[in-house]
Every structure is written in structure tokens, then in C-alpha cells.
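J.: Before I ask anything, here is the structure I am working with.
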Amino acid sequence: MPAKPKSGKKSTLLTQHPKRLGKKIVPAKLTACDCRARNAFHEWQDGTLPPSFNMMFHFSVPANHRLVIEFVTASIYVPAGEMARLRMFTGLGPNPSNLDLALTPQGIVNGQQVLVATHCIRAYADSLDFNVNRDNPVTTGSALICVSGYLEPL
């Protein structure tokens with residue numbers, strides 16, 4: 001048996017379960033913390049990896065916002081026999097954070113080693129960059145990096 005409401009009024013089935021009796025339920029008003037869908041962030045960068053050891057990819061975080069990163073995926077193509085590393089650089093004000101993301105070899109296609117990263121994470125960033133580090137400064141390759149999450153107003 002349901003507990004009696006504190007107001008002393010008798011509780012009815014309609015007040016306990018309005019949906020069961022066909023009463024239209026008005027959704028709760030959105031608040032500032034319901035910003036994930038309204039402030040969604042989804043950006044990707046791609047580019048050729050020139051003959052060098054390092055290549056940076058910059059993602060823009062709007063002023064007066066903090067990016068909440070929820071998902072990162074990347075595909076990196078380098079010549080067969082070559083490997084690469086992927087590092088995510090974030091910053092919160094003056095405090096930097098460097099996160100190494102694991103790349104998994106997926107095989108060789110048309111002479112290119114396919115390396116893939118897929119990470120569900122929770123990271124916060126006022127600034128965001130990625131570095132693709134390679135072990136061969138002679139050959140070229142390519143990379144695609146995608147970040148999904150949402151922006152939180154500061």
C-alpha cells in the first residue's frame with residue numbers, strides 16, 4: 001500500500017500513475033544540465049601525413065566553453081611495416097593533459113598499414129590537439145580523427 005502523502009491529502013491512483021489512466025504527462029522543463037543534445041560537439045579532421053615524425057591536428061573549442069569529450073575514433077594509414085602513435089593533448093586553463101590512445105593494427109590494404117583507435121572516454125578540454133607520431137620520416141600516410149561530445153558553457 002502506498003504511503004500517505006505528507007500534505008495529509010489522500011493519494012489516488014491518478015496521482016500515483018497518471019500514464020496508466022491516459023492522463024497526458026507534461027515533460028519536465030529542461031535545465032542547464034540537460035545540455036548534451038543541445039550543445040552537441042562533433043568534429044573531424046583529416047589530412048595527409050607528410051614525411052616527418054610528427055603531425056598535429058587542431059580542434060577548435062569555442063571561447064567561454066569547455067568541451068566534454070565522450071568518444072574519439074581515428075584511422076591512420078601508413079606504409080606497410082610502419083607503425084604510429086596517437087596522443088591527445090587537452091588543457092584546462094593552464095593545466096595540460098596528455099593522453100595516449102591505443103592504435104590497433106587492422107591489416108594491410110594496398111600496401112598501407114591500417115591502424116584504428118576507438119575510445120569511449122570522459123575528458124575535459126578548453127583546448128584540444130592530436131599528435132600522430134610516426135617512426136619513419138621518409139614516407140607519407142594519412143589520418144582521420146573524429147571527436148564527439150558536448151560543449152558546456154563556462
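Please note that chains go A, B, ... in the order of the C-alpha cells, that every chain numbers its residues from 1, and that ligands are numbered from 1 in the order shown.
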Report as a tab-separated table (two decimals) with C-alpha atoms, in the first residue's frame all protein, DNA and RNA residues lying within 7 Å of Ile76 (chain A), evaluated on only C-alpha atoms, omitting residues in the same chain fewer than 2 positions from it.
T.:
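New file result.tsv:
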```
chain	number	residue	atom	x	y	z
A	74	ALA	CA	40.81	7.58	-35.56
A	78	VAL	CA	50.98	4.37	-43.09
A	114	VAL	CA	45.61	0.38	-41.27
A	115	LEU	CA	45.70	1.49	-37.62
A	116	VAL	CA	42.43	2.22	-35.79
A	142	SER	CA	47.05	9.81	-43.94
A	143	ALA	CA	44.90	10.21	-40.84
A	144	LEU	CA	41.28	10.82	-39.92
```
J.: Would you pick out the contacts of region 85-94 of chain A at 12 Å or less, using only C-alpha atoms, so that residues sharing its chain but fewer than 6 positions from it are not included, and give the list as a PDB file with N, CA and C atoms, in the first residue's frame?
T.:
```pdb
ATOM      1  N   PHE A  53      58.263  12.977 -38.515  1.00  0.00           N
ATOM      2  CA  PHE A  53      57.987  12.137 -37.358  1.00  0.00           C
ATOM      3  C   PHE A  53      56.669  12.500 -36.679  1.00  0.00           C
ATOM      4  N   ASN A  54      56.243  13.773 -36.765  1.00  0.00           N
ATOM      5  CA  ASN A  54      55.057  14.244 -36.036  1.00  0.00           C
ATOM      6  C   ASN A  54      54.158  15.089 -36.927  1.00  0.00           C
ATOM      7  N   MET A  55      52.852  14.935 -36.714  1.00  0.00           N
ATOM      8  CA  MET A  55      51.858  15.752 -37.405  1.00  0.00           C
ATOM      9  C   MET A  55      50.788  16.112 -36.390  1.00  0.00           C
ATOM     10  N   MET A  56      50.467  17.409 -36.294  1.00  0.00           N
ATOM     11  CA  MET A  56      49.462  17.881 -35.338  1.00  0.00           C
ATOM     12  C   MET A  56      48.132  18.127 -36.038  1.00  0.00           C
ATOM     13  N   PHE A  57      47.051  17.826 -35.322  1.00  0.00           N
ATOM     14  CA  PHE A  57      45.687  18.106 -35.766  1.00  0.00           C
ATOM     15  C   PHE A  57      45.036  18.942 -34.672  1.00  0.00           C
ATOM     16  N   HIS A  58      44.525  20.120 -35.041  1.00  0.00           N
ATOM     17  CA  HIS A  58      43.950  21.052 -34.069  1.00  0.00           C
ATOM     18  C   HIS A  58      42.424  21.052 -34.170  1.00  0.00           C
ATOM     19  N   PHE A  59      41.748  20.967 -33.022  1.00  0.00           N
ATOM     20  CA  PHE A  59      40.298  21.063 -32.931  1.00  0.00           C
ATOM     21  C   PHE A  59      39.955  22.348 -32.179  1.00  0.00           C
ATOM     22  N   SER A  60      39.013  23.120 -32.712  1.00  0.00           N
ATOM     23  CA  SER A  60      38.648  24.403 -32.119  1.00  0.00           C
ATOM     24  C   SER A  60      37.573  24.227 -31.050  1.00  0.00           C
ATOM     25  N   VAL A  61      37.860  24.735 -29.859  1.00  0.00           N
ATOM     26  CA  VAL A  61      36.874  24.778 -28.776  1.00  0.00           C
ATOM     27  C   VAL A  61      36.450  26.240 -28.668  1.00  0.00           C
ATOM     28  N   ALA A  63      35.287  29.910 -27.518  1.00  0.00           N
ATOM     29  CA  ALA A  63      35.601  30.687 -26.318  1.00  0.00           C
ATOM     30  C   ALA A  63      34.458  30.567 -25.320  1.00  0.00           C
ATOM     31  N   ASN A  64      34.800  30.608 -24.059  1.00  0.00           N
ATOM     32  CA  ASN A  64      33.837  30.544 -22.946  1.00  0.00           C
ATOM     33  C   ASN A  64      33.069  29.226 -22.890  1.00  0.00           C
ATOM     34  N   HIS A  65      33.654  28.164 -23.427  1.00  0.00           N
ATOM     35  CA  HIS A  65      33.054  26.834 -23.371  1.00  0.00           C
ATOM     36  C   HIS A  65      34.124  25.808 -22.993  1.00  0.00           C
ATOM     37  N   ARG A  66      33.676  24.738 -22.412  1.00  0.00           N
ATOM     38  CA  ARG A  66      34.548  23.595 -22.132  1.00  0.00           C
ATOM     39  C   ARG A  66      33.989  22.411 -22.906  1.00  0.00           C
ATOM     40  N   LEU A  67      34.866  21.720 -23.606  1.00  0.00           N
ATOM     41  CA  LEU A  67      34.477  20.538 -24.363  1.00  0.00           C
ATOM     42  C   LEU A  67      34.528  19.327 -23.445  1.00  0.00           C
ATOM     43  N   VAL A  68      33.430  18.592 -23.392  1.00  0.00           N
ATOM     44  CA  VAL A  68      33.390  17.318 -22.684  1.00  0.00           C
ATOM     45  C   VAL A  68      33.484  16.242 -23.766  1.00  0.00           C
ATOM     46  N   ILE A  69      34.617  15.561 -23.817  1.00  0.00           N
ATOM     47  CA  ILE A  69      34.875  14.556 -24.844  1.00  0.00           C
ATOM     48  C   ILE A  69      34.341  13.219 -24.346  1.00  0.00           C
ATOM     49  N   VAL A  72      36.268   9.187 -29.044  1.00  0.00           N
ATOM     50  CA  VAL A  72      37.313   9.521 -30.010  1.00  0.00           C
ATOM     51  C   VAL A  72      37.532   8.304 -30.895  1.00  0.00           C
ATOM     52  N   THR A  73      37.569   8.536 -32.188  1.00  0.00           N
ATOM     53  CA  THR A  73      37.906   7.464 -33.123  1.00  0.00           C
ATOM     54  C   THR A  73      38.901   8.009 -34.137  1.00  0.00           C
ATOM     55  N   ALA A  74      39.791   7.159 -34.598  1.00  0.00           N
ATOM     56  CA  ALA A  74      40.807   7.582 -35.564  1.00  0.00           C
ATOM     57  C   ALA A  74      41.172   6.416 -36.469  1.00  0.00           C
ATOM     58  N   SER A  75      41.484   6.755 -37.710  1.00  0.00           N
ATOM     59  CA  SER A  75      42.025   5.792 -38.672  1.00  0.00           C
ATOM     60  C   SER A  75      43.305   6.394 -39.229  1.00  0.00           C
ATOM     61  N   ILE A  76      44.382   5.652 -39.128  1.00  0.00           N
ATOM     62  CA  ILE A  76      45.674   6.126 -39.606  1.00  0.00           C
ATOM     63  C   ILE A  76      46.219   5.107 -40.585  1.00  0.00           C
ATOM     64  N   TYR A  77      46.660   5.611 -41.738  1.00  0.00           N
ATOM     65  CA  TYR A  77      47.203   4.764 -42.796  1.00  0.00           C
ATOM     66  C   TYR A  77      48.650   5.147 -43.025  1.00  0.00           C
ATOM     67  N   VAL A  78      49.552   4.176 -42.853  1.00  0.00           N
ATOM     68  CA  VAL A  78      50.985   4.374 -43.087  1.00  0.00           C
ATOM     69  C   VAL A  78      51.488   3.200 -43.924  1.00  0.00           C
ATOM     70  N   ASP A 100      47.628   9.141 -24.164  1.00  0.00           N
ATOM     71  CA  ASP A 100      47.987   8.258 -25.276  1.00  0.00           C
ATOM     72  C   ASP A 100      46.804   7.351 -25.576  1.00  0.00           C
ATOM     73  N   LEU A 101      46.405   7.305 -26.836  1.00  0.00           N
ATOM     74  CA  LEU A 101      45.287   6.468 -27.270  1.00  0.00           C
ATOM     75  C   LEU A 101      45.845   5.284 -28.054  1.00  0.00           C
ATOM     76  N   ALA A 102      45.365   4.096 -27.744  1.00  0.00           N
ATOM     77  CA  ALA A 102      45.889   2.875 -28.368  1.00  0.00           C
ATOM     78  C   ALA A 102      45.408   2.753 -29.806  1.00  0.00           C
ATOM     79  N   LEU A 103      46.350   2.483 -30.700  1.00  0.00           N
ATOM     80  CA  LEU A 103      46.051   2.186 -32.104  1.00  0.00           C
ATOM     81  C   LEU A 103      46.182   0.683 -32.302  1.00  0.00           C
ATOM     82  N   THR A 104      45.195   0.091 -32.929  1.00  0.00           N
ATOM     83  CA  THR A 104      45.190  -1.350 -33.165  1.00  0.00           C
ATOM     84  C   THR A 104      45.353  -1.619 -34.655  1.00  0.00           C
ATOM     85  N   PRO A 105      46.362  -2.423 -35.037  1.00  0.00           N
ATOM     86  CA  PRO A 105      46.518  -2.765 -36.461  1.00  0.00           C
ATOM     87  C   PRO A 105      45.320  -3.572 -36.952  1.00  0.00           C
ATOM     88  N   LEU A 115      45.685   1.425 -39.085  1.00  0.00           N
ATOM     89  CA  LEU A 115      45.697   1.494 -37.622  1.00  0.00           C
ATOM     90  C   LEU A 115      44.431   2.224 -37.178  1.00  0.00           C
ATOM     91  N   VAL A 116      43.714   1.651 -36.214  1.00  0.00           N
ATOM     92  CA  VAL A 116      42.432   2.219 -35.794  1.00  0.00           C
ATOM     93  C   VAL A 116      42.413   2.398 -34.277  1.00  0.00           C
ATOM     94  N   ALA A 117      41.838   3.530 -33.844  1.00  0.00           N
ATOM     95  CA  ALA A 117      41.612   3.793 -32.419  1.00  0.00           C
ATOM     96  C   ALA A 117      40.134   4.081 -32.228  1.00  0.00           C
ATOM     97  N   THR A 118      39.537   3.465 -31.228  1.00  0.00           N
ATOM     98  CA  THR A 118      38.152   3.735 -30.860  1.00  0.00           C
ATOM     99  C   THR A 118      38.094   3.756 -29.339  1.00  0.00           C
ATOM    100  N   HIS A 119      37.813   4.933 -28.770  1.00  0.00           N
ATOM    101  CA  HIS A 119      37.862   5.089 -27.315  1.00  0.00           C
ATOM    102  C   HIS A 119      36.631   5.819 -26.792  1.00  0.00           C
ATOM    103  N   ILE A 121      35.618   7.716 -23.760  1.00  0.00           N
ATOM    104  CA  ILE A 121      36.373   8.328 -22.662  1.00  0.00           C
ATOM    105  C   ILE A 121      35.539   9.443 -22.049  1.00  0.00           C
ATOM    106  N   ARG A 122      36.025   9.982 -20.965  1.00  0.00           N
ATOM    107  CA  ARG A 122      35.479  11.209 -20.395  1.00  0.00           C
ATOM    108  C   ARG A 122      36.696  12.089 -20.141  1.00  0.00           C
ATOM    109  N   ALA A 123      36.824  13.131 -20.960  1.00  0.00           N
ATOM    110  CA  ALA A 123      37.924  14.079 -20.808  1.00  0.00           C
ATOM    111  C   ALA A 123      37.362  15.475 -21.002  1.00  0.00           C
ATOM    112  N   TYR A 124      37.985  16.447 -20.354  1.00  0.00           N
ATOM    113  CA  TYR A 124      37.518  17.828 -20.406  1.00  0.00           C
ATOM    114  C   TYR A 124      38.603  18.672 -21.054  1.00  0.00           C
ATOM    115  N   ALA A 125      38.195  19.611 -21.918  1.00  0.00           N
ATOM    116  CA  ALA A 125      39.198  20.367 -22.652  1.00  0.00           C
ATOM    117  C   ALA A 125      38.740  21.790 -22.927  1.00  0.00           C
ATOM    118  N   ASP A 126      39.631  22.736 -22.623  1.00  0.00           N
ATOM    119  CA  ASP A 126      39.475  24.116 -23.083  1.00  0.00           C
ATOM    120  C   ASP A 126      40.229  24.278 -24.401  1.00  0.00           C
ATOM    121  N   SER A 127      41.178  23.378 -24.644  1.00  0.00           N
ATOM    122  CA  SER A 127      41.924  23.331 -25.904  1.00  0.00           C
ATOM    123  C   SER A 127      42.154  21.862 -26.245  1.00  0.00           C
ATOM    124  N   LEU A 128      42.235  21.555 -27.551  1.00  0.00           N
ATOM    125  CA  LEU A 128      42.348  20.155 -27.970  1.00  0.00           C
ATOM    126  C   LEU A 128      43.191  20.023 -29.227  1.00  0.00           C
ATOM    127  N   ASP A 129      44.210  19.178 -29.140  1.00  0.00           N
ATOM    128  CA  ASP A 129      45.071  18.851 -30.274  1.00  0.00           C
ATOM    129  C   ASP A 129      45.392  17.361 -30.232  1.00  0.00           C
ATOM    130  N   PHE A 130      45.698  16.816 -31.393  1.00  0.00           N
ATOM    131  CA  PHE A 130      46.144  15.437 -31.509  1.00  0.00           C
ATOM    132  C   PHE A 130      47.482  15.426 -32.230  1.00  0.00           C
ATOM    133  N   ASN A 131      48.340  14.508 -31.833  1.00  0.00           N
ATOM    134  CA  ASN A 131      49.615  14.319 -32.493  1.00  0.00           C
ATOM    135  C   ASN A 131      49.696  12.888 -32.994  1.00  0.00           C
ATOM    136  N   VAL A 132      50.018  12.738 -34.284  1.00  0.00           N
ATOM    137  CA  VAL A 132      50.305  11.427 -34.851  1.00  0.00           C
ATOM    138  C   VAL A 132      51.819  11.354 -34.948  1.00  0.00           C
ATOM    139  N   ASN A 133      52.395  10.429 -34.194  1.00  0.00           N
ATOM    140  CA  ASN A 133      53.845  10.252 -34.147  1.00  0.00           C
ATOM    141  C   ASN A 133      54.187   8.994 -34.926  1.00  0.00           C
ATOM    142  N   ARG A 134      55.125   9.135 -35.874  1.00  0.00           N
ATOM    143  CA  ARG A 134      55.491   8.010 -36.737  1.00  0.00           C
ATOM    144  C   ARG A 134      56.960   7.655 -36.548  1.00  0.00           C
ATOM    145  N   ASP A 135      57.311   6.467 -36.979  1.00  0.00           N
ATOM    146  CA  ASP A 135      58.707   6.032 -36.845  1.00  0.00           C
ATOM    147  C   ASP A 135      59.444   6.060 -38.183  1.00  0.00           C
ATOM    148  N   ASN A 136      58.946   6.845 -39.154  1.00  0.00           N
ATOM    149  CA  ASN A 136      59.585   6.916 -40.467  1.00  0.00           C
ATOM    150  C   ASN A 136      59.412   8.323 -41.033  1.00  0.00           C
ATOM    151  N   ALA A 143      45.575  10.404 -42.127  1.00  0.00           N
ATOM    152  CA  ALA A 143      44.899  10.207 -40.845  1.00  0.00           C
ATOM    153  C   ALA A 143      43.531  10.877 -40.865  1.00  0.00           C
ATOM    154  N   LEU A 144      42.609  10.277 -40.144  1.00  0.00           N
ATOM    155  CA  LEU A 144      41.277  10.823 -39.916  1.00  0.00           C
ATOM    156  C   LEU A 144      41.001  10.677 -38.424  1.00  0.00           C
ATOM    157  N   ILE A 145      40.693  11.790 -37.759  1.00  0.00           N
ATOM    158  CA  ILE A 145      40.431  11.786 -36.322  1.00  0.00           C
ATOM    159  C   ILE A 145      39.081  12.446 -36.088  1.00  0.00           C
ATOM    160  N   CYS A 146      38.228  11.786 -35.302  1.00  0.00           N
ATOM    161  CA  CYS A 146      36.890  12.301 -35.032  1.00  0.00           C
ATOM    162  C   CYS A 146      36.658  12.358 -33.525  1.00  0.00           C
ATOM    163  N   VAL A 147      36.084  13.465 -33.068  1.00  0.00           N
ATOM    164  CA  VAL A 147      35.799  13.678 -31.647  1.00  0.00           C
ATOM    165  C   VAL A 147      34.305  13.979 -31.493  1.00  0.00           C
ATOM    166  N   LEU A 154      30.821  28.032 -19.855  1.00  0.00           N
ATOM    167  CA  LEU A 154      31.534  28.374 -18.613  1.00  0.00           C
ATOM    168  C   LEU A 154      30.932  29.610 -17.979  1.00  0.00           C
TER     169      LEU A 154
END
```
J.: Could you tell me how far CA of Ala80 (chain A) lies from CA of Cys120 (chain A), in Å and to one decimal?
T.: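 Distance between the two atoms: 27.7 Å.
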J.: If you measure from CA of Gln45 (chain A) to CA of Ser148 (chain A), what distance in Å do you get, rounded to one decimal?
T.: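 About the pair CA of Gln45 (chain A) and CA of Ser148 (chain A): they are 12.1 Å apart.
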J.: One decimal, in Å: what's the spacing between CA of Leu151 (chain A) and CA of Phe71 (chain A)?
T.: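 Taking CA of Leu151 (chain A) and CA of Phe71 (chain A), their separation equals 13.3 Å.
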J.: When you look at Thr140 (chain A) with a cut-off of 6 Å (counting only C-alpha atoms), what residues show up, excluding the ones that are within fewer than 2 positions of it in the same chain? I need them as a VMD selection string.
T.: chain A and resid 49 to 51
J.: Could you write those residues out with C-alpha atoms, as a PDB file, in the first residue's frame?
T.:
```pdb
ATOM      1  CA  LEU A  49      50.857  12.795 -43.086  1.00  0.00           C
ATOM      2  CA  PRO A  50      53.907  14.340 -44.780  1.00  0.00           C
ATOM      3  CA  PRO A  51      57.351  12.730 -44.459  1.00  0.00           C
TER       4      PRO A  51
END
```
